[in-house]
Amino acid sequence: MNLDSKFIVGRLAERVDISDDLAIFHIQPEEPCNFIAGQYATLGVERDGKLIERAYSVASSPYEPLLEFFIELVPDGRLTPSIFNLRAGDALSVRRRFSGRFVLDTNSKTHHLMAATVTGIAPFTSMLRSYAVDAEAGRAVPMTFTVIHGASRSWELGTYRAEMEEMKKRVPNLIYVPTISRCGEDCDWRGEVGRVEDVLRKYADALPLEEASFSAYLCGHPQMIENARGVLTRARVDAKRIHSEKYFTL
Ligand SMILES: Cc1cc2nc3c(=O)[nH]c(=O)nc-3n(C[C@H](O)[C@H](O)[C@H](O)COP(=O)(O)OP(=O)(O)OC[C@H]3O[C@@H](n4cnc5c(N)ncnc54)[C@H](O)[C@@H]3O)c2cc1C
């Protein structure tokens with residue numbers, strides 16, 4: 001790869017295929033990357049001599065040597081088919097500068113509601129892994145997290161469902177609520193059923209929505225973000241306390 005100083009080379013260290021169109025990519029950057037948990041990286045692959053780039057939320061914490069991404073294949077997309085063709089050792093470009101303001105609002109906010117569709121769990125994973133390290137080192141104030149994570153089918157929640165369950169041991173005030181919308185295809189499912197925004201509505205009563213210490217974060221599918229924002233706004237959460245990261249436009 002012939003890249004200028006704005007980029008570094010990343011190499012695929014490992015991938016975990018979750019389904020035909022979902023995979024977790026672990027990338028070894030050629031040098032350490034600076035970012036805040038919740039931010040996104042700009043990844044690129046060359047196609048026909050042209051670099052195609054897109055934004056991807058980092059799922060790993062800034063404390064980890066590898067960058068982790070949870071990516072959905074868009075079959076007619078310009079970049080994701082190339083990413084899904086990558087094999088261990090293959091290179092891709094990573095913009096040196098990581099961006100985004102979708103980070104934990106620590107300005108007197110201690111109760112965080114996080115709602116994600118499928119791959120939208122990535123920034124929350126980064127935030128929680130990072131918070132757990134800081135809490136264990138005595139660097140974090142006590143906080144409460146409610147994470148609602150939705151998918152059509154349970155396996156599309158990836159390895160993050162088990163990770164969030166395990167994370168409760170490190171972050172005691174963490175509530176993780178997985179929900180699926182196509183339970184007919186998932187006979188053994190015993191958890192919540194329905195879309196993220198509907199489950200959010202159900203859990204909203206137990207949350208201190210009107211308190212200044214409350215902050216909400218919505219990530220992933222644009223329709224979920226619009227609907228969840230409506231639920232929160234009607235519950236009198238003011239706009240400044242609702243943060244969102246929309247992955248695409250309809
Ligand atoms: C800040 C930010 C962070 C993001 N983080 C992630 C992430 O962690 N994981 C991830 O998988 N994606 C993420 N995305 C989306 C990603 O940047 C690309 O848009 C996506 O991977 C599609 O790229 P593509 O080039 O293959 O498709 P494109 O050629 O860009 O898109 C083709 C068409 O598909 C639509 N489309 C794009 N994504 C989807 C989708 N998921 N489902 C249905 N339609 C879609 C587009 O609106 C467009 O109409 C993020 C986007 C932003 C803005």
# chains A, B, ... in the order shown; residues from 1 in each chain; ligands from 1
call {"tool": "residues_around", "arguments": {"residues": "range 119-128 of chain A", "least_positions_apart": "2", "cutoff": "10 Å", "atoms": "only C-alpha atoms", "output": "ChimeraX atom specification"}}
result
/A:22-24,36-40,56-64,68-72,102-104,114-117,130-134,145,147-151,156-158,160-161,163-164,167,170-171,174,217-221,245-247
call {"tool": "write_last_selection", "arguments": {"atoms": "C-alpha atoms", "output": "PDB file, in the first residue's frame"}}
result
ATOM      1  CA  LEU A  22     -21.408  -9.846  10.107  1.00  0.00           C
ATOM      2  CA  ALA A  23     -17.815 -10.172  11.251  1.00  0.00           C
ATOM      3  CA  ILE A  24     -15.448  -8.877  13.891  1.00  0.00           C
ATOM      4  CA  ILE A  36     -11.056   8.232  22.897  1.00  0.00           C
ATOM      5  CA  ALA A  37     -13.420   5.333  23.590  1.00  0.00           C
ATOM      6  CA  GLY A  38     -16.484   5.824  21.384  1.00  0.00           C
ATOM      7  CA  GLN A  39     -14.668   7.460  18.468  1.00  0.00           C
ATOM      8  CA  TYR A  40     -14.473   6.035  14.963  1.00  0.00           C
ATOM      9  CA  TYR A  56     -16.090   2.477  11.628  1.00  0.00           C
ATOM     10  CA  SER A  57     -16.599   2.793  15.383  1.00  0.00           C
ATOM     11  CA  VAL A  58     -13.752   1.236  17.304  1.00  0.00           C
ATOM     12  CA  ALA A  59     -14.935  -1.580  19.578  1.00  0.00           C
ATOM     13  CA  SER A  60     -11.612  -2.035  21.369  1.00  0.00           C
ATOM     14  CA  SER A  61     -10.560   0.272  24.156  1.00  0.00           C
ATOM     15  CA  PRO A  62      -7.645   2.695  23.801  1.00  0.00           C
ATOM     16  CA  TYR A  63      -5.759   0.432  26.229  1.00  0.00           C
ATOM     17  CA  GLU A  64      -5.593  -2.458  23.740  1.00  0.00           C
ATOM     18  CA  GLU A  68     -11.391  -4.145  16.856  1.00  0.00           C
ATOM     19  CA  PHE A  69     -14.325  -3.464  14.523  1.00  0.00           C
ATOM     20  CA  PHE A  70     -17.765  -5.085  14.209  1.00  0.00           C
ATOM     21  CA  ILE A  71     -18.797  -4.710  10.582  1.00  0.00           C
ATOM     22  CA  GLU A  72     -21.895  -5.546   8.566  1.00  0.00           C
ATOM     23  CA  PHE A 102     -19.796  10.174  20.422  1.00  0.00           C
ATOM     24  CA  VAL A 103     -17.902   9.621  23.655  1.00  0.00           C
ATOM     25  CA  LEU A 104     -18.954   9.172  27.260  1.00  0.00           C
ATOM     26  CA  MET A 114     -26.907   3.148  25.610  1.00  0.00           C
ATOM     27  CA  ALA A 115     -29.070   1.811  22.789  1.00  0.00           C
ATOM     28  CA  ALA A 116     -27.607  -0.035  19.821  1.00  0.00           C
ATOM     29  CA  THR A 117     -28.706  -1.966  16.772  1.00  0.00           C
ATOM     30  CA  SER A 130     -12.204   1.449  28.966  1.00  0.00           C
ATOM     31  CA  TYR A 131     -14.358   2.312  31.985  1.00  0.00           C
ATOM     32  CA  ALA A 132     -13.692  -1.125  33.517  1.00  0.00           C
ATOM     33  CA  VAL A 133      -9.919  -0.628  33.258  1.00  0.00           C
ATOM     34  CA  ASP A 134     -10.187   2.864  34.766  1.00  0.00           C
ATOM     35  CA  PHE A 145     -24.937   1.887  32.602  1.00  0.00           C
ATOM     36  CA  VAL A 147     -27.236  -1.086  27.529  1.00  0.00           C
ATOM     37  CA  ILE A 148     -30.028  -2.157  25.180  1.00  0.00           C
ATOM     38  CA  HIS A 149     -28.706  -4.168  22.246  1.00  0.00           C
ATOM     39  CA  GLY A 150     -31.004  -5.267  19.449  1.00  0.00           C
ATOM     40  CA  ALA A 151     -30.747  -7.537  16.426  1.00  0.00           C
ATOM     41  CA  GLU A 156     -26.297 -11.332  15.342  1.00  0.00           C
ATOM     42  CA  LEU A 157     -25.499  -9.867  18.757  1.00  0.00           C
ATOM     43  CA  GLY A 158     -22.089 -11.440  18.148  1.00  0.00           C
ATOM     44  CA  TYR A 160     -20.707  -8.905  22.556  1.00  0.00           C
ATOM     45  CA  ARG A 161     -23.701 -10.449  24.296  1.00  0.00           C
ATOM     46  CA  GLU A 163     -18.931 -10.059  26.790  1.00  0.00           C
ATOM     47  CA  MET A 164     -21.543  -7.701  28.261  1.00  0.00           C
ATOM     48  CA  MET A 167     -18.599  -7.298  31.974  1.00  0.00           C
ATOM     49  CA  ARG A 170     -16.175  -5.750  36.339  1.00  0.00           C
ATOM     50  CA  VAL A 171     -18.834  -3.023  36.116  1.00  0.00           C
ATOM     51  CA  LEU A 174     -24.258  -2.466  34.352  1.00  0.00           C
ATOM     52  CA  TYR A 217     -26.544   7.444  23.534  1.00  0.00           C
ATOM     53  CA  LEU A 218     -28.116   5.976  20.415  1.00  0.00           C
ATOM     54  CA  CYS A 219     -26.048   4.158  17.798  1.00  0.00           C
ATOM     55  CA  GLY A 220     -26.597   2.319  14.547  1.00  0.00           C
ATOM     56  CA  HIS A 221     -29.716   2.149  12.411  1.00  0.00           C
ATOM     57  CA  GLU A 245     -24.187   8.105  15.932  1.00  0.00           C
ATOM     58  CA  LYS A 246     -26.096   7.317  12.740  1.00  0.00           C
ATOM     59  CA  TYR A 247     -24.352   4.677  10.621  1.00  0.00           C
TER      60      TYR A 247
END
call {"tool": "select_by_dssp", "arguments": {"residues": "range 112-185 of chain A", "states": "strand (DSSP E)", "output": "list in words"}}
result
His112, Leu113, Met114, Ala115, Ala116, Thr117, Thr144, Phe145, Thr146, Val147, Ile148, His149, Gly150, Ala151, Leu174, Ile175, Tyr176, Val177, Pro178, Thr179 and Ile180 of chain A
call {"tool": "atom_distance", "arguments": {"atom1": "CA of Ser181 in chain A", "atom2": "CA of Thr80 in chain A"}}
result
24.5 Å
call {"tool": "residues_around", "arguments": {"residues": "Asn107 in chain A", "least_positions_apart": "5", "cutoff": "12 Å", "atoms": "only C-alpha atoms", "output": "list in words"}}
result
His112, Val141, Ala212, Ser213, Phe214, Ser215 and Arg241 of chain A
call {"tool": "residues_around", "arguments": {"residues": "Glu30 in chain A", "least_positions_apart": "3", "cutoff": "7 Å", "atoms": "only C-alpha atoms", "output": "ChimeraX atom specification"}}
result
/A:8-10
call {"tool": "closest_residue", "arguments": {"among": "A:Gly138, A:Pro172, A:Pro32, A:Gly184", "to": "Ser154 in chain A", "atoms": "only C-alpha atoms"}}
result
A:Gly184
call {"tool": "closest_residue", "arguments": {"among": "A:Leu250, A:Val193, A:Val237, A:Leu12", "to": "ligand 1", "atoms": "only C-alpha atoms and all ligand atoms"}}
result
A:Leu250
call {"tool": "select_by_dssp", "arguments": {"residues": "range 83-185 of chain A", "states": "alpha helix (DSSP H)", "output": "VMD selection string"}}
result
chain A and resid 83 to 84 122 to 136 160 to 170
call {"tool": "write_last_selection", "arguments": {"atoms": "N, CA and C atoms", "output": "PDB file, in the first residue's frame"}}
result
ATOM      1  N   ILE A  83     -13.640  -5.400   2.444  1.00  0.00           N
ATOM      2  CA  ILE A  83     -13.219  -5.720   3.822  1.00  0.00           C
ATOM      3  C   ILE A  83     -13.503  -7.190   4.121  1.00  0.00           C
ATOM      4  N   PHE A  84     -14.664  -7.678   3.662  1.00  0.00           N
ATOM      5  CA  PHE A  84     -15.017  -9.073   3.939  1.00  0.00           C
ATOM      6  C   PHE A  84     -14.154 -10.064   3.149  1.00  0.00           C
ATOM      7  N   ALA A 122     -20.551  -1.382  19.049  1.00  0.00           N
ATOM      8  CA  ALA A 122     -19.087  -1.187  19.050  1.00  0.00           C
ATOM      9  C   ALA A 122     -18.616  -0.040  19.950  1.00  0.00           C
ATOM     10  N   PRO A 123     -19.125   1.189  19.790  1.00  0.00           N
ATOM     11  CA  PRO A 123     -18.582   2.269  20.643  1.00  0.00           C
ATOM     12  C   PRO A 123     -18.868   2.043  22.115  1.00  0.00           C
ATOM     13  N   PHE A 124     -19.995   1.366  22.426  1.00  0.00           N
ATOM     14  CA  PHE A 124     -20.333   1.119  23.830  1.00  0.00           C
ATOM     15  C   PHE A 124     -19.381   0.078  24.441  1.00  0.00           C
ATOM     16  N   THR A 125     -18.980  -0.883  23.597  1.00  0.00           N
ATOM     17  CA  THR A 125     -18.009  -1.879  24.056  1.00  0.00           C
ATOM     18  C   THR A 125     -16.693  -1.183  24.405  1.00  0.00           C
ATOM     19  N   SER A 126     -16.281  -0.273  23.529  1.00  0.00           N
ATOM     20  CA  SER A 126     -15.047   0.469  23.788  1.00  0.00           C
ATOM     21  C   SER A 126     -15.160   1.275  25.079  1.00  0.00           C
ATOM     22  N   MET A 127     -16.304   1.972  25.236  1.00  0.00           N
ATOM     23  CA  MET A 127     -16.495   2.803  26.435  1.00  0.00           C
ATOM     24  C   MET A 127     -16.475   1.946  27.699  1.00  0.00           C
ATOM     25  N   LEU A 128     -17.150   0.789  27.655  1.00  0.00           N
ATOM     26  CA  LEU A 128     -17.252  -0.037  28.862  1.00  0.00           C
ATOM     27  C   LEU A 128     -15.937  -0.758  29.176  1.00  0.00           C
ATOM     28  N   ARG A 129     -15.247  -1.230  28.126  1.00  0.00           N
ATOM     29  CA  ARG A 129     -13.938  -1.860  28.385  1.00  0.00           C
ATOM     30  C   ARG A 129     -13.000  -0.826  29.019  1.00  0.00           C
ATOM     31  N   SER A 130     -13.062   0.381  28.484  1.00  0.00           N
ATOM     32  CA  SER A 130     -12.204   1.449  28.966  1.00  0.00           C
ATOM     33  C   SER A 130     -12.569   1.840  30.406  1.00  0.00           C
ATOM     34  N   TYR A 131     -13.885   1.951  30.640  1.00  0.00           N
ATOM     35  CA  TYR A 131     -14.358   2.312  31.985  1.00  0.00           C
ATOM     36  C   TYR A 131     -13.939   1.238  32.994  1.00  0.00           C
ATOM     37  N   ALA A 132     -14.042  -0.027  32.599  1.00  0.00           N
ATOM     38  CA  ALA A 132     -13.692  -1.125  33.517  1.00  0.00           C
ATOM     39  C   ALA A 132     -12.223  -1.036  33.916  1.00  0.00           C
ATOM     40  N   VAL A 133     -11.357  -0.759  32.946  1.00  0.00           N
ATOM     41  CA  VAL A 133      -9.919  -0.628  33.258  1.00  0.00           C
ATOM     42  C   VAL A 133      -9.716   0.539  34.219  1.00  0.00           C
ATOM     43  N   ASP A 134     -10.354   1.676  33.918  1.00  0.00           N
ATOM     44  CA  ASP A 134     -10.187   2.864  34.766  1.00  0.00           C
ATOM     45  C   ASP A 134     -10.741   2.618  36.168  1.00  0.00           C
ATOM     46  N   ALA A 135     -11.890   1.941  36.248  1.00  0.00           N
ATOM     47  CA  ALA A 135     -12.505   1.685  37.556  1.00  0.00           C
ATOM     48  C   ALA A 135     -11.596   0.773  38.384  1.00  0.00           C
ATOM     49  N   GLU A 136     -11.045  -0.242  37.713  1.00  0.00           N
ATOM     50  CA  GLU A 136     -10.166  -1.168  38.437  1.00  0.00           C
ATOM     51  C   GLU A 136      -8.893  -0.470  38.929  1.00  0.00           C
ATOM     52  N   TYR A 160     -20.528 -10.019  21.614  1.00  0.00           N
ATOM     53  CA  TYR A 160     -20.707  -8.905  22.556  1.00  0.00           C
ATOM     54  C   TYR A 160     -21.760  -9.213  23.612  1.00  0.00           C
ATOM     55  N   ARG A 161     -22.690 -10.077  23.291  1.00  0.00           N
ATOM     56  CA  ARG A 161     -23.701 -10.449  24.296  1.00  0.00           C
ATOM     57  C   ARG A 161     -23.017 -11.128  25.480  1.00  0.00           C
ATOM     58  N   ALA A 162     -22.179 -12.128  25.182  1.00  0.00           N
ATOM     59  CA  ALA A 162     -21.465 -12.830  26.269  1.00  0.00           C
ATOM     60  C   ALA A 162     -20.511 -11.870  26.968  1.00  0.00           C
ATOM     61  N   GLU A 163     -19.885 -11.000  26.181  1.00  0.00           N
ATOM     62  CA  GLU A 163     -18.931 -10.059  26.790  1.00  0.00           C
ATOM     63  C   GLU A 163     -19.635  -9.123  27.770  1.00  0.00           C
ATOM     64  N   MET A 164     -20.812  -8.624  27.381  1.00  0.00           N
ATOM     65  CA  MET A 164     -21.543  -7.701  28.261  1.00  0.00           C
ATOM     66  C   MET A 164     -22.008  -8.422  29.536  1.00  0.00           C
ATOM     67  N   GLU A 165     -22.428  -9.675  29.377  1.00  0.00           N
ATOM     68  CA  GLU A 165     -22.832 -10.442  30.567  1.00  0.00           C
ATOM     69  C   GLU A 165     -21.636 -10.581  31.516  1.00  0.00           C
ATOM     70  N   GLU A 166     -20.483 -10.889  30.932  1.00  0.00           N
ATOM     71  CA  GLU A 166     -19.246 -11.049  31.711  1.00  0.00           C
ATOM     72  C   GLU A 166     -18.802  -9.702  32.308  1.00  0.00           C
ATOM     73  N   MET A 167     -19.016  -8.647  31.554  1.00  0.00           N
ATOM     74  CA  MET A 167     -18.599  -7.298  31.974  1.00  0.00           C
ATOM     75  C   MET A 167     -19.265  -6.872  33.287  1.00  0.00           C
ATOM     76  N   LYS A 168     -20.438  -7.462  33.559  1.00  0.00           N
ATOM     77  CA  LYS A 168     -21.158  -7.101  34.799  1.00  0.00           C
ATOM     78  C   LYS A 168     -20.308  -7.387  36.038  1.00  0.00           C
ATOM     79  N   LYS A 169     -19.385  -8.359  35.916  1.00  0.00           N
ATOM     80  CA  LYS A 169     -18.509  -8.656  37.064  1.00  0.00           C
ATOM     81  C   LYS A 169     -17.528  -7.517  37.302  1.00  0.00           C
ATOM     82  N   ARG A 170     -17.154  -6.840  36.209  1.00  0.00           N
ATOM     83  CA  ARG A 170     -16.175  -5.750  36.339  1.00  0.00           C
ATOM     84  C   ARG A 170     -16.865  -4.401  36.535  1.00  0.00           C
TER      85      ARG A 170
END
call {"tool": "residues_around", "arguments": {"residues": "Asn2 in chain A", "least_positions_apart": "6", "cutoff": "12 Å", "atoms": "only C-alpha atoms", "output": "MDAnalysis selection string"}}
result
chainID A and resid 8:9 45:46 49:51 91:93
call {"tool": "write_last_selection", "arguments": {"atoms": "N, CA and C atoms", "output": "PDB file, in the first residue's frame"}}
result
ATOM      1  N   ILE A   8      -1.897   5.235   8.336  1.00  0.00           N
ATOM      2  CA  ILE A   8      -0.991   4.160   8.723  1.00  0.00           C
ATOM      3  C   ILE A   8      -1.546   2.863   8.116  1.00  0.00           C
ATOM      4  N   VAL A   9      -0.686   1.870   8.039  1.00  0.00           N
ATOM      5  CA  VAL A   9      -1.135   0.570   7.521  1.00  0.00           C
ATOM      6  C   VAL A   9      -1.638  -0.269   8.694  1.00  0.00           C
ATOM      7  N   VAL A  45      -9.695   0.522   1.721  1.00  0.00           N
ATOM      8  CA  VAL A  45      -9.101  -0.549   0.924  1.00  0.00           C
ATOM      9  C   VAL A  45      -9.031  -0.029  -0.514  1.00  0.00           C
ATOM     10  N   GLU A  46      -7.935  -0.353  -1.199  1.00  0.00           N
ATOM     11  CA  GLU A  46      -7.778   0.093  -2.583  1.00  0.00           C
ATOM     12  C   GLU A  46      -8.581  -0.791  -3.513  1.00  0.00           C
ATOM     13  N   GLY A  49      -7.278   0.836  -8.089  1.00  0.00           N
ATOM     14  CA  GLY A  49      -6.334   1.954  -7.963  1.00  0.00           C
ATOM     15  C   GLY A  49      -6.866   3.123  -7.164  1.00  0.00           C
ATOM     16  N   LYS A  50      -8.064   2.998  -6.586  1.00  0.00           N
ATOM     17  CA  LYS A  50      -8.652   4.101  -5.826  1.00  0.00           C
ATOM     18  C   LYS A  50      -8.895   3.633  -4.388  1.00  0.00           C
ATOM     19  N   LEU A  51      -8.589   4.541  -3.460  1.00  0.00           N
ATOM     20  CA  LEU A  51      -8.799   4.192  -2.053  1.00  0.00           C
ATOM     21  C   LEU A  51     -10.246   4.492  -1.663  1.00  0.00           C
ATOM     22  N   ALA A  91      -3.535  -6.064   4.188  1.00  0.00           N
ATOM     23  CA  ALA A  91      -3.412  -4.677   4.658  1.00  0.00           C
ATOM     24  C   ALA A  91      -4.643  -3.846   4.308  1.00  0.00           C
ATOM     25  N   LEU A  92      -4.888  -2.868   5.153  1.00  0.00           N
ATOM     26  CA  LEU A  92      -5.883  -1.838   4.838  1.00  0.00           C
ATOM     27  C   LEU A  92      -5.353  -0.529   5.410  1.00  0.00           C
ATOM     28  N   SER A  93      -5.923   0.587   4.956  1.00  0.00           N
ATOM     29  CA  SER A  93      -5.430   1.870   5.459  1.00  0.00           C
ATOM     30  C   SER A  93      -6.255   2.302   6.666  1.00  0.00           C
TER      31      SER A  93
END
call {"tool": "residues_around", "arguments": {"residues": "Asp198 in chain A", "least_positions_apart": "5", "cutoff": "9 Å", "atoms": "only C-alpha atoms", "output": "ChimeraX atom specification"}}
result
/A:203,227-228,231
call {"tool": "decode", "arguments": {"residues": "range 85-114 of chain A", "atoms": "N, CA and C atoms", "output": "PDB file, in the first residue's frame"}}
result
ATOM      1  N   ASN A  85     -13.427  -9.554   2.129  1.00  0.00           N
ATOM      2  CA  ASN A  85     -12.505 -10.436   1.391  1.00  0.00           C
ATOM      3  C   ASN A  85     -11.135 -10.518   2.041  1.00  0.00           C
ATOM      4  N   LEU A  86     -10.895  -9.677   3.063  1.00  0.00           N
ATOM      5  CA  LEU A  86      -9.566  -9.658   3.676  1.00  0.00           C
ATOM      6  C   LEU A  86      -9.296 -10.955   4.414  1.00  0.00           C
ATOM      7  N   ARG A  87      -8.055 -11.403   4.314  1.00  0.00           N
ATOM      8  CA  ARG A  87      -7.599 -12.587   5.042  1.00  0.00           C
ATOM      9  C   ARG A  87      -6.474 -12.173   5.973  1.00  0.00           C
ATOM     10  N   ALA A  88      -6.153 -13.029   6.943  1.00  0.00           N
ATOM     11  CA  ALA A  88      -5.110 -12.692   7.930  1.00  0.00           C
ATOM     12  C   ALA A  88      -3.838 -12.217   7.216  1.00  0.00           C
ATOM     13  N   GLY A  89      -3.313 -11.103   7.681  1.00  0.00           N
ATOM     14  CA  GLY A  89      -2.078 -10.543   7.113  1.00  0.00           C
ATOM     15  C   GLY A  89      -2.333  -9.490   6.049  1.00  0.00           C
ATOM     16  N   ASP A  90      -3.538  -9.438   5.489  1.00  0.00           N
ATOM     17  CA  ASP A  90      -3.844  -8.438   4.453  1.00  0.00           C
ATOM     18  C   ASP A  90      -3.852  -7.037   5.054  1.00  0.00           C
ATOM     19  N   ALA A  91      -3.535  -6.064   4.188  1.00  0.00           N
ATOM     20  CA  ALA A  91      -3.412  -4.677   4.658  1.00  0.00           C
ATOM     21  C   ALA A  91      -4.643  -3.846   4.308  1.00  0.00           C
ATOM     22  N   LEU A  92      -4.888  -2.868   5.153  1.00  0.00           N
ATOM     23  CA  LEU A  92      -5.883  -1.838   4.838  1.00  0.00           C
ATOM     24  C   LEU A  92      -5.353  -0.529   5.410  1.00  0.00           C
ATOM     25  N   SER A  93      -5.923   0.587   4.956  1.00  0.00           N
ATOM     26  CA  SER A  93      -5.430   1.870   5.459  1.00  0.00           C
ATOM     27  C   SER A  93      -6.255   2.302   6.666  1.00  0.00           C
ATOM     28  N   VAL A  94      -5.593   2.963   7.591  1.00  0.00           N
ATOM     29  CA  VAL A  94      -6.262   3.521   8.771  1.00  0.00           C
ATOM     30  C   VAL A  94      -5.831   4.986   8.839  1.00  0.00           C
ATOM     31  N   ARG A  95      -6.814   5.901   8.790  1.00  0.00           N
ATOM     32  CA  ARG A  95      -6.424   7.316   8.934  1.00  0.00           C
ATOM     33  C   ARG A  95      -5.849   7.537  10.320  1.00  0.00           C
ATOM     34  N   ARG A  96      -4.719   8.248  10.369  1.00  0.00           N
ATOM     35  CA  ARG A  96      -4.065   8.519  11.648  1.00  0.00           C
ATOM     36  C   ARG A  96      -5.020   9.168  12.634  1.00  0.00           C
ATOM     37  N   ARG A  97      -5.860  10.069  12.082  1.00  0.00           N
ATOM     38  CA  ARG A  97      -6.735  10.835  12.958  1.00  0.00           C
ATOM     39  C   ARG A  97      -8.057  10.089  13.170  1.00  0.00           C
ATOM     40  N   PHE A  98      -8.331   9.733  14.409  1.00  0.00           N
ATOM     41  CA  PHE A  98      -9.617   9.132  14.752  1.00  0.00           C
ATOM     42  C   PHE A  98     -10.542  10.284  15.121  1.00  0.00           C
ATOM     43  N   SER A  99     -11.835  10.153  14.855  1.00  0.00           N
ATOM     44  CA  SER A  99     -12.723  11.312  15.015  1.00  0.00           C
ATOM     45  C   SER A  99     -13.992  10.941  15.740  1.00  0.00           C
ATOM     46  N   GLY A 100     -14.795  11.969  15.990  1.00  0.00           N
ATOM     47  CA  GLY A 100     -16.133  11.784  16.530  1.00  0.00           C
ATOM     48  C   GLY A 100     -16.278  12.315  17.937  1.00  0.00           C
ATOM     49  N   ARG A 101     -17.522  12.793  18.202  1.00  0.00           N
ATOM     50  CA  ARG A 101     -17.812  13.309  19.543  1.00  0.00           C
ATOM     51  C   ARG A 101     -18.752  12.385  20.311  1.00  0.00           C
ATOM     52  N   PHE A 102     -18.916  11.162  19.787  1.00  0.00           N
ATOM     53  CA  PHE A 102     -19.796  10.174  20.422  1.00  0.00           C
ATOM     54  C   PHE A 102     -18.994   9.451  21.503  1.00  0.00           C
ATOM     55  N   VAL A 103     -18.713  10.165  22.564  1.00  0.00           N
ATOM     56  CA  VAL A 103     -17.902   9.621  23.655  1.00  0.00           C
ATOM     57  C   VAL A 103     -18.684   9.789  24.953  1.00  0.00           C
ATOM     58  N   LEU A 104     -18.233   9.106  25.987  1.00  0.00           N
ATOM     59  CA  LEU A 104     -18.954   9.172  27.260  1.00  0.00           C
ATOM     60  C   LEU A 104     -18.951  10.602  27.784  1.00  0.00           C
ATOM     61  N   ASP A 105     -20.145  11.103  28.097  1.00  0.00           N
ATOM     62  CA  ASP A 105     -20.271  12.457  28.636  1.00  0.00           C
ATOM     63  C   ASP A 105     -20.012  12.369  30.144  1.00  0.00           C
ATOM     64  N   THR A 106     -18.816  12.744  30.536  1.00  0.00           N
ATOM     65  CA  THR A 106     -18.446  12.600  31.950  1.00  0.00           C
ATOM     66  C   THR A 106     -18.672  13.908  32.722  1.00  0.00           C
ATOM     67  N   ASN A 107     -19.256  14.900  32.037  1.00  0.00           N
ATOM     68  CA  ASN A 107     -19.508  16.182  32.675  1.00  0.00           C
ATOM     69  C   ASN A 107     -20.734  16.061  33.610  1.00  0.00           C
ATOM     70  N   SER A 108     -20.500  15.612  34.793  1.00  0.00           N
ATOM     71  CA  SER A 108     -21.512  15.390  35.844  1.00  0.00           C
ATOM     72  C   SER A 108     -22.610  14.384  35.443  1.00  0.00           C
ATOM     73  N   LYS A 109     -22.325  13.590  34.419  1.00  0.00           N
ATOM     74  CA  LYS A 109     -23.284  12.543  34.033  1.00  0.00           C
ATOM     75  C   LYS A 109     -22.818  11.215  34.631  1.00  0.00           C
ATOM     76  N   THR A 110     -23.683  10.592  35.388  1.00  0.00           N
ATOM     77  CA  THR A 110     -23.294   9.326  36.030  1.00  0.00           C
ATOM     78  C   THR A 110     -24.234   8.173  35.680  1.00  0.00           C
ATOM     79  N   HIS A 111     -25.366   8.487  34.985  1.00  0.00           N
ATOM     80  CA  HIS A 111     -26.237   7.392  34.549  1.00  0.00           C
ATOM     81  C   HIS A 111     -26.337   7.443  33.024  1.00  0.00           C
ATOM     82  N   HIS A 112     -25.869   6.380  32.406  1.00  0.00           N
ATOM     83  CA  HIS A 112     -25.773   6.371  30.945  1.00  0.00           C
ATOM     84  C   HIS A 112     -26.662   5.279  30.360  1.00  0.00           C
ATOM     85  N   LEU A 113     -27.553   5.687  29.476  1.00  0.00           N
ATOM     86  CA  LEU A 113     -28.385   4.728  28.742  1.00  0.00           C
ATOM     87  C   LEU A 113     -27.814   4.607  27.330  1.00  0.00           C
ATOM     88  N   MET A 114     -27.516   3.378  26.919  1.00  0.00           N
ATOM     89  CA  MET A 114     -26.907   3.148  25.610  1.00  0.00           C
ATOM     90  C   MET A 114     -27.802   2.220  24.808  1.00  0.00           C
TER      91      MET A 114
END
